[in-house]
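Novice: After the structure tokens below, expect a handful of questions from me.
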Amino acid sequence: MTKPDNASPVAPSASRNARRQSLKSIRWKAARPMLFAAVLISVLYLALAALVIAVDPHNVYRWGAEPRIEAGDTPRDLVIDWIDVAAKDPSYNTFLVGSSITAMYTPEYMREILGPDTNAANLSYGGPRPIDRDLVLDRLVDNPAVKRVILTYDWTYMEGADVANRGFPTFLYDDDITNDLRMVNPPTIRRTFDILRGKTTYSNPDDAGYDAYIENMYARFQSPPELSRIKRMVERNRTGITQSSGKTCDSFTALNEQLIPDLQKLSARGAQVDILFPIVSYAFYYVRRNDISPTLLDEQMVARRCLVNAVADLPNVSIFALDNDPTVAGDLANYREVGHIYNPAILRRFMMAIKNGSDRVTRENIAEYEEEIRTAVKDYDPNRDYTDLRLVVPDL
Amino acid sequence: MSDPQAILEQVTQIIRDLFDEYDGPVTMETTADDVAQWDSLSHVRLMVMIEMELGVHFSTSEMQGFKNLGDLVNAAAKQKG
Amino acid sequence: MIFTDPLFLFVFLPIVLITFYTISHFAGKNAALIVLFVSSIIFYIPHSWFSVALLIIALIVNFVIALAITFMDDEDKRRKRLYLAGQAYNFLSLCYFKYKIVSLLFGPSGGVLVDIAGIAIPAGISFYTFHQAAFLADAYGREKNVLQFLGKLSSPKAMVSAFCRYGAFVSFFPQLIIGPITYLSEFNPQIQSKRFLRLNPIDLAVGLTFIAIGMFKKVVIADNLAPTVDVVFSAANVGAEIHPVQAWIGALAYMGQLYFDFSGYSDMALGLARMFGLRYPINFFSPFKANGIIDYYRRWHMTLTRVIARFLYTPLSVAGTRYAMFNRLAPIPAHLLSLWIPMLVNFQIIGIWHGALWTFVVFGLMHGFWFALETEVRASKWYRNFSKDKNRLFIGFLERAVFFLPLLLSLAMFRSESVAGGFHLFSQMFGTSFDAPSAFNMRYPVMMLGIAFSIIYLCPNSVELMRRYRPAIMTYDNKSYGPAFLRRLWRPGWVQAAYMSVLVLAALYYVSRQPPFLYQGF
């Protein structure tokens, strides 16, 4: 076949061109719905992204709105988006960086105990992991208004320095603005429009829901079948509970590479850092051995000892523990879950310890503390009554 | 080039022996899909049997490239010259 | 960049598309292919500069060797040596950078990669290495597309543009990181075609549909199954007691996650390439609907199956068969040589290709034995007599019932963090730890599993859905299974556009939480 010559006025070529033209327009017409949808979604997304980035509802940039958390509000799990909203707010001088075990502390509560100068924000969220914890602490290190940081030393610090909480928006807190396009999700868009409408304070909509959730959890945990299930778990996991993990301080990368450098910087700046060993029950070491690590007890003890020794010479850094009191950690009635304390008196006692500087763990008594926990866990008997045991432990 | 038809007859015999349950026609257009027993394993066996019978040699890429018996027969005919 | 990133979808892709069609309109094919090559490198830069350098070196090495062996005489002894040197480069760089030296497999840490090379595994290295190895073999075998693809190389300028063509072929971003592993004989005819470069709105519509489907699979389904999988497998790894129901949910969730993650990626790859007017071979064709492991491997990661079968299984099996027949071995040793050993080696390589971990070794053994066993059973007189007079439907159900459990268990082993962890999970699935604490809230995972497996068994796959538009190069011919009345045809109408928009919006809803594609790790 010879090539059709477009310039020549011969009939077949002209008709072929006409056919091609008409096919082309048919195709465009056919594809129109998909193309329209694609263009619409793209344009909308980019427009929303531009708006969100310009308004900056999470206060991650130097520009945009400077939203504030409503006075007295505890954002709990919403806080992962609001780290900068709190951390860049100069009116806060005290930050609680915890996990689900400290999510209940409200700013008023903390002020009532720690004193009227305390202006606290609670940055606790469920299941923190090393990477996101480090991002949060980095923000506090950068904030000169910070006078005090209260921090929980959760078991998740045993995980590697490269482990992150899946739900945590790390992209918001890195230096790369291009990946911030991902923040365009319904809550963020809603918040952006709230700001445009002039509402620049955030509040947590479900305080009541949280309280109900805690009460529910407590009731479920305290039910006889659940408690007897826990007791059976403890017995099943008894063999090897004291087993050594072979871990040394070098094993804890998150501690060495992330936490300790941040503590050094905060301490050097004169900020007070109070670290809490989570008040987990003795049963915790049996039950969670199952899914965290078979040598959980030993690893926790080594990790705690490493932290205590690493910060021993840092001024302004204190470490607190209440779990060496068997009336606390031995009695499951204090708990809503083996690792979550419920008893309000004990929660209060922890805040008081920070205020008074009692219940401290130091280089001098860490060996004793460790021995107490190891022995108490080893000898833990879920059927024993721990309530009227006022054992050794004078206030240290 | 030797006669493809003669080669096809030789190949047909091998196929009848190897695929004893197949009684359909064997032509230049026959493919593995036509013969239930002709899977990848017996394909290799068939190729090697044909190599031995006809005194030819196929490369593995040739073996994988045959689209039907015709391709195979022609390749063999070409080799026999 | 990753495909589900809004930056990629809403910024990078439109810019590259517009540039590509504008340049091709004004400056022709070579310039258009340069656009593809350069944009693919830009796409790759966020993965690390080191990876970019390694990719470009690999491109140059393979390109130069391919040129040399194409223009050497067959008689020239150096031709074979050069070819082998090229393949050795591919093989060794893969071993070094992916496995950080295979001996680690036997090291004290039991397979945990110690960072000898001091860097992370370069993204996509196992895919682009296989891609180039296949190309080099084509060049060595004088596959007819190679000469046409390289074109006339009379001037340095022609050399550069041939290199860019080659760069575009290997590194084109839809398939750079996770495949499909393409042959030149699939790529070259398309870029030689007159239709290439001509903007066809149907290509855009089909491409967008694939992207919408793929994104939904990955972001909505796979990523919502992922948390359950993580919980169950990490608990299994420390030897936890797991409630049997939850152990099953975890294993099933991984099966769903792996499939929707990887096939979602593959759909997006097909769609992205199609927007540039290019068709790629398919990787997935409803693998979980398969009637056995043989059928499964014709439907699962097909481009890997075929490249390994081509370079490993077939040569081994031919050599084994030749040896057995020339030496008139007894049936059992003959079968060992022609089937079992090649099959076990084949699957061992497929396993290890995913990484230097013992779990992959065990996975490879499981699939190798299973595949060879099924081959024997299907070839046996007993099975053919058994299946001959039975109802097709009955046989279909029976085959799938036999197929399901070993598949589930082997994929669970594939995901496990250690071999012991894998076996522990099995023990929990079939155990009696009814007293174990609940590891997760079951309502949501069970709902997601329901959705995932309904799609798997009832819905047509994306290629079936789009079959009017020749959506992909069929790597293998596969039968369509599943209810035919649901196997609707897709047309680019308003209703379909609305459906696709819903899929994309659902995916965008979840996009702020964005784990990478699973196969990026391989």
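Labeling convention for the structure tokens: chains A, B, ... as they appear, residues from 1 per chain, ligands from 1 in order of appearance.
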List the spatial neighbours of C:Gly431 as a PyMOL selection string - criterion: any atom at most 9 Å away, only C-alpha atoms, same-chain residues fewer than 4 positions off excluded.

Specialist: chain C and resi 242-244+426-427

Novice: Would you please give, as a ChimeraX atom specification, all residues of chain B that DSSP assigns to alpha helix (DSSP H) based on the backbone?

Specialist: /B:4-18,40-54,60-65,69-80

Novice: Within 10 Å of chain C, which residues belong to chain B? Use only C-alpha atoms and report them as a PyMOL selection string.

Specialist: chain B and resi 21+36-49+51-52+58-61+63-64

Novice: Residues of chain C within 6 Å of chain A, counting only C-alpha atoms - could you list those as a PyMOL selection string?

Specialist: chain C and resi 10+201-202+205+235+238+240+492-494+497+509+512

Novice: If you keep N, CA and C atoms, can you produce a file of those selected residues as an mmCIF file, in the first residue's frame?

Specialist:
data_model
loop_
_atom_site.group_PDB
_atom_site.id
_atom_site.type_symbol
_atom_site.label_atom_id
_atom_site.label_comp_id
_atom_site.auth_asym_id
_atom_site.auth_seq_id
_atom_site.Cartn_x
_atom_site.Cartn_y
_atom_site.Cartn_z
ATOM 1 N N PHE C 10 -1.123 14.245 41.550
ATOM 2 C CA PHE C 10 -1.724 15.523 41.165
ATOM 3 C C PHE C 10 -0.721 16.556 40.672
ATOM 4 N N PRO C 201 -7.647 9.783 23.622
ATOM 5 C CA PRO C 201 -8.363 10.006 24.889
ATOM 6 C C PRO C 201 -8.827 8.717 25.539
ATOM 7 N N ILE C 202 -9.049 7.675 24.734
ATOM 8 C CA ILE C 202 -9.459 6.393 25.325
ATOM 9 C C ILE C 202 -8.338 5.835 26.204
ATOM 10 N N ALA C 205 -8.634 7.508 29.441
ATOM 11 C CA ALA C 205 -9.778 7.036 30.230
ATOM 12 C C ALA C 205 -9.488 5.654 30.822
ATOM 13 N N ALA C 235 2.866 -10.783 67.227
ATOM 14 C CA ALA C 235 2.585 -11.634 68.390
ATOM 15 C C ALA C 235 3.089 -13.046 68.136
ATOM 16 N N VAL C 238 6.832 -13.545 68.754
ATOM 17 C CA VAL C 238 7.346 -13.715 70.112
ATOM 18 C C VAL C 238 6.721 -14.924 70.793
ATOM 19 N N ALA C 240 3.476 -15.744 71.137
ATOM 20 C CA ALA C 240 2.316 -15.461 71.980
ATOM 21 C C ALA C 240 1.228 -16.510 71.807
ATOM 22 N N PRO C 492 -16.273 3.913 29.151
ATOM 23 C CA PRO C 492 -15.956 5.160 29.852
ATOM 24 C C PRO C 492 -17.156 6.104 29.956
ATOM 25 N N GLY C 493 -18.264 5.655 30.503
ATOM 26 C CA GLY C 493 -19.457 6.507 30.585
ATOM 27 C C GLY C 493 -19.503 7.314 31.870
ATOM 28 N N TRP C 494 -20.576 8.064 32.011
ATOM 29 C CA TRP C 494 -20.729 8.908 33.203
ATOM 30 C C TRP C 494 -20.889 8.066 34.463
ATOM 31 N N ALA C 497 -17.599 6.709 35.408
ATOM 32 C CA ALA C 497 -16.755 7.795 35.920
ATOM 33 C C ALA C 497 -17.139 8.108 37.367
ATOM 34 N N TYR C 509 -9.376 9.599 51.048
ATOM 35 C CA TYR C 509 -9.769 9.739 52.441
ATOM 36 C C TYR C 509 -8.699 9.126 53.356
ATOM 37 N N SER C 512 -3.826 10.096 53.915
ATOM 38 C CA SER C 512 -2.934 10.796 54.833
ATOM 39 C C SER C 512 -2.152 9.806 55.699
#

Novice: When you draw a straight line from atom CA of C:Asn283 to atom CA of C:Asp261, how long is it in Å?

Specialist: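 Separation of atom CA of C:Asn283 and atom CA of C:Asp261: 12.5 Å.
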
Novice: What's around stretch 374-381 of chain A at 12 Å? Count only C-alpha atoms, leave out sequence neighbours fewer than 5 positions away in its own chain, and write the answer as an NGL selection string.

Specialist: :A and (230-235 or 237-244 or 280-287 or 296-302 or 323-332 or 366-369 or 386 or 391-392)

Novice: For the atom pair atom CA of C:Ala133 and atom CA of C:Gly86, what is the interatomic distance in Å to one decimal place?

Specialist: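 Going from atom CA of C:Ala133 over to atom CA of C:Gly86, I get 8.3 Å.
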
Novice: If we count only C-alpha atoms and set the cut-off at 10 Å, which residues sit around stretch 141-152 of chain A, ignoring sequence neighbours fewer than 6 positions away in its own chain? Please answer as a ChimeraX atom specification.

Specialist: /A:87-99,101-102,118-124,135,262-267,269-279,316-320,351,354

Novice: Could you take the residues named above and write them with C-alpha atoms, as a PDB file, in the first residue's frame?

Specialist:
ATOM      1  CA  ALA A  87       4.362  23.157  71.162  1.00  0.00           C
ATOM      2  CA  LYS A  88       4.421  26.534  69.428  1.00  0.00           C
ATOM      3  CA  ASP A  89       2.030  28.129  71.875  1.00  0.00           C
ATOM      4  CA  PRO A  90       4.203  30.309  74.137  1.00  0.00           C
ATOM      5  CA  SER A  91       1.647  30.278  76.943  1.00  0.00           C
ATOM      6  CA  TYR A  92       2.425  26.664  77.802  1.00  0.00           C
ATOM      7  CA  ASN A  93       5.370  25.992  80.057  1.00  0.00           C
ATOM      8  CA  THR A  94       4.661  22.363  80.999  1.00  0.00           C
ATOM      9  CA  PHE A  95       4.180  19.440  78.658  1.00  0.00           C
ATOM     10  CA  LEU A  96       3.130  15.934  79.474  1.00  0.00           C
ATOM     11  CA  VAL A  97       4.466  13.604  76.801  1.00  0.00           C
ATOM     12  CA  GLY A  98       2.855  10.313  77.593  1.00  0.00           C
ATOM     13  CA  SER A  99       0.823   7.491  76.214  1.00  0.00           C
ATOM     14  CA  ILE A 101      -1.555   5.601  80.562  1.00  0.00           C
ATOM     15  CA  THR A 102      -1.362   9.377  81.079  1.00  0.00           C
ATOM     16  CA  THR A 118       1.845  25.601  85.664  1.00  0.00           C
ATOM     17  CA  ASN A 119       0.291  25.989  82.262  1.00  0.00           C
ATOM     18  CA  ALA A 120       0.145  22.463  81.004  1.00  0.00           C
ATOM     19  CA  ALA A 121      -0.583  20.730  77.739  1.00  0.00           C
ATOM     20  CA  ASN A 122      -1.081  17.000  77.629  1.00  0.00           C
ATOM     21  CA  LEU A 123       0.503  15.548  74.479  1.00  0.00           C
ATOM     22  CA  SER A 124      -0.275  11.928  75.336  1.00  0.00           C
ATOM     23  CA  LEU A 135       9.502  14.096  66.702  1.00  0.00           C
ATOM     24  CA  ASP A 262      16.871  15.168  73.802  1.00  0.00           C
ATOM     25  CA  LEU A 263      17.107  14.896  77.587  1.00  0.00           C
ATOM     26  CA  GLN A 264      20.613  16.332  77.485  1.00  0.00           C
ATOM     27  CA  LYS A 265      19.444  19.314  75.460  1.00  0.00           C
ATOM     28  CA  LEU A 266      16.453  19.979  77.684  1.00  0.00           C
ATOM     29  CA  SER A 267      18.567  19.652  80.787  1.00  0.00           C
ATOM     30  CA  ARG A 269      18.605  24.533  78.739  1.00  0.00           C
ATOM     31  CA  GLY A 270      17.475  24.412  82.327  1.00  0.00           C
ATOM     32  CA  ALA A 271      14.141  22.764  81.701  1.00  0.00           C
ATOM     33  CA  GLN A 272      12.955  20.336  84.351  1.00  0.00           C
ATOM     34  CA  VAL A 273      12.365  16.809  83.032  1.00  0.00           C
ATOM     35  CA  ASP A 274      10.341  14.323  85.066  1.00  0.00           C
ATOM     36  CA  ILE A 275      10.332  10.785  83.790  1.00  0.00           C
ATOM     37  CA  LEU A 276       7.817   8.254  84.994  1.00  0.00           C
ATOM     38  CA  PHE A 277       8.280   4.529  84.905  1.00  0.00           C
ATOM     39  CA  PRO A 278       4.788   3.379  83.928  1.00  0.00           C
ATOM     40  CA  ILE A 279       2.914   2.021  86.907  1.00  0.00           C
ATOM     41  CA  ASN A 316      17.078  18.848  86.369  1.00  0.00           C
ATOM     42  CA  VAL A 317      16.250  15.302  85.248  1.00  0.00           C
ATOM     43  CA  SER A 318      14.381  13.105  87.741  1.00  0.00           C
ATOM     44  CA  ILE A 319      12.916   9.651  87.435  1.00  0.00           C
ATOM     45  CA  PHE A 320       9.927   8.414  89.408  1.00  0.00           C
ATOM     46  CA  MET A 351       1.589  13.912  90.274  1.00  0.00           C
ATOM     47  CA  ILE A 354       6.654  14.977  90.842  1.00  0.00           C
TER      48      ILE A 354
END
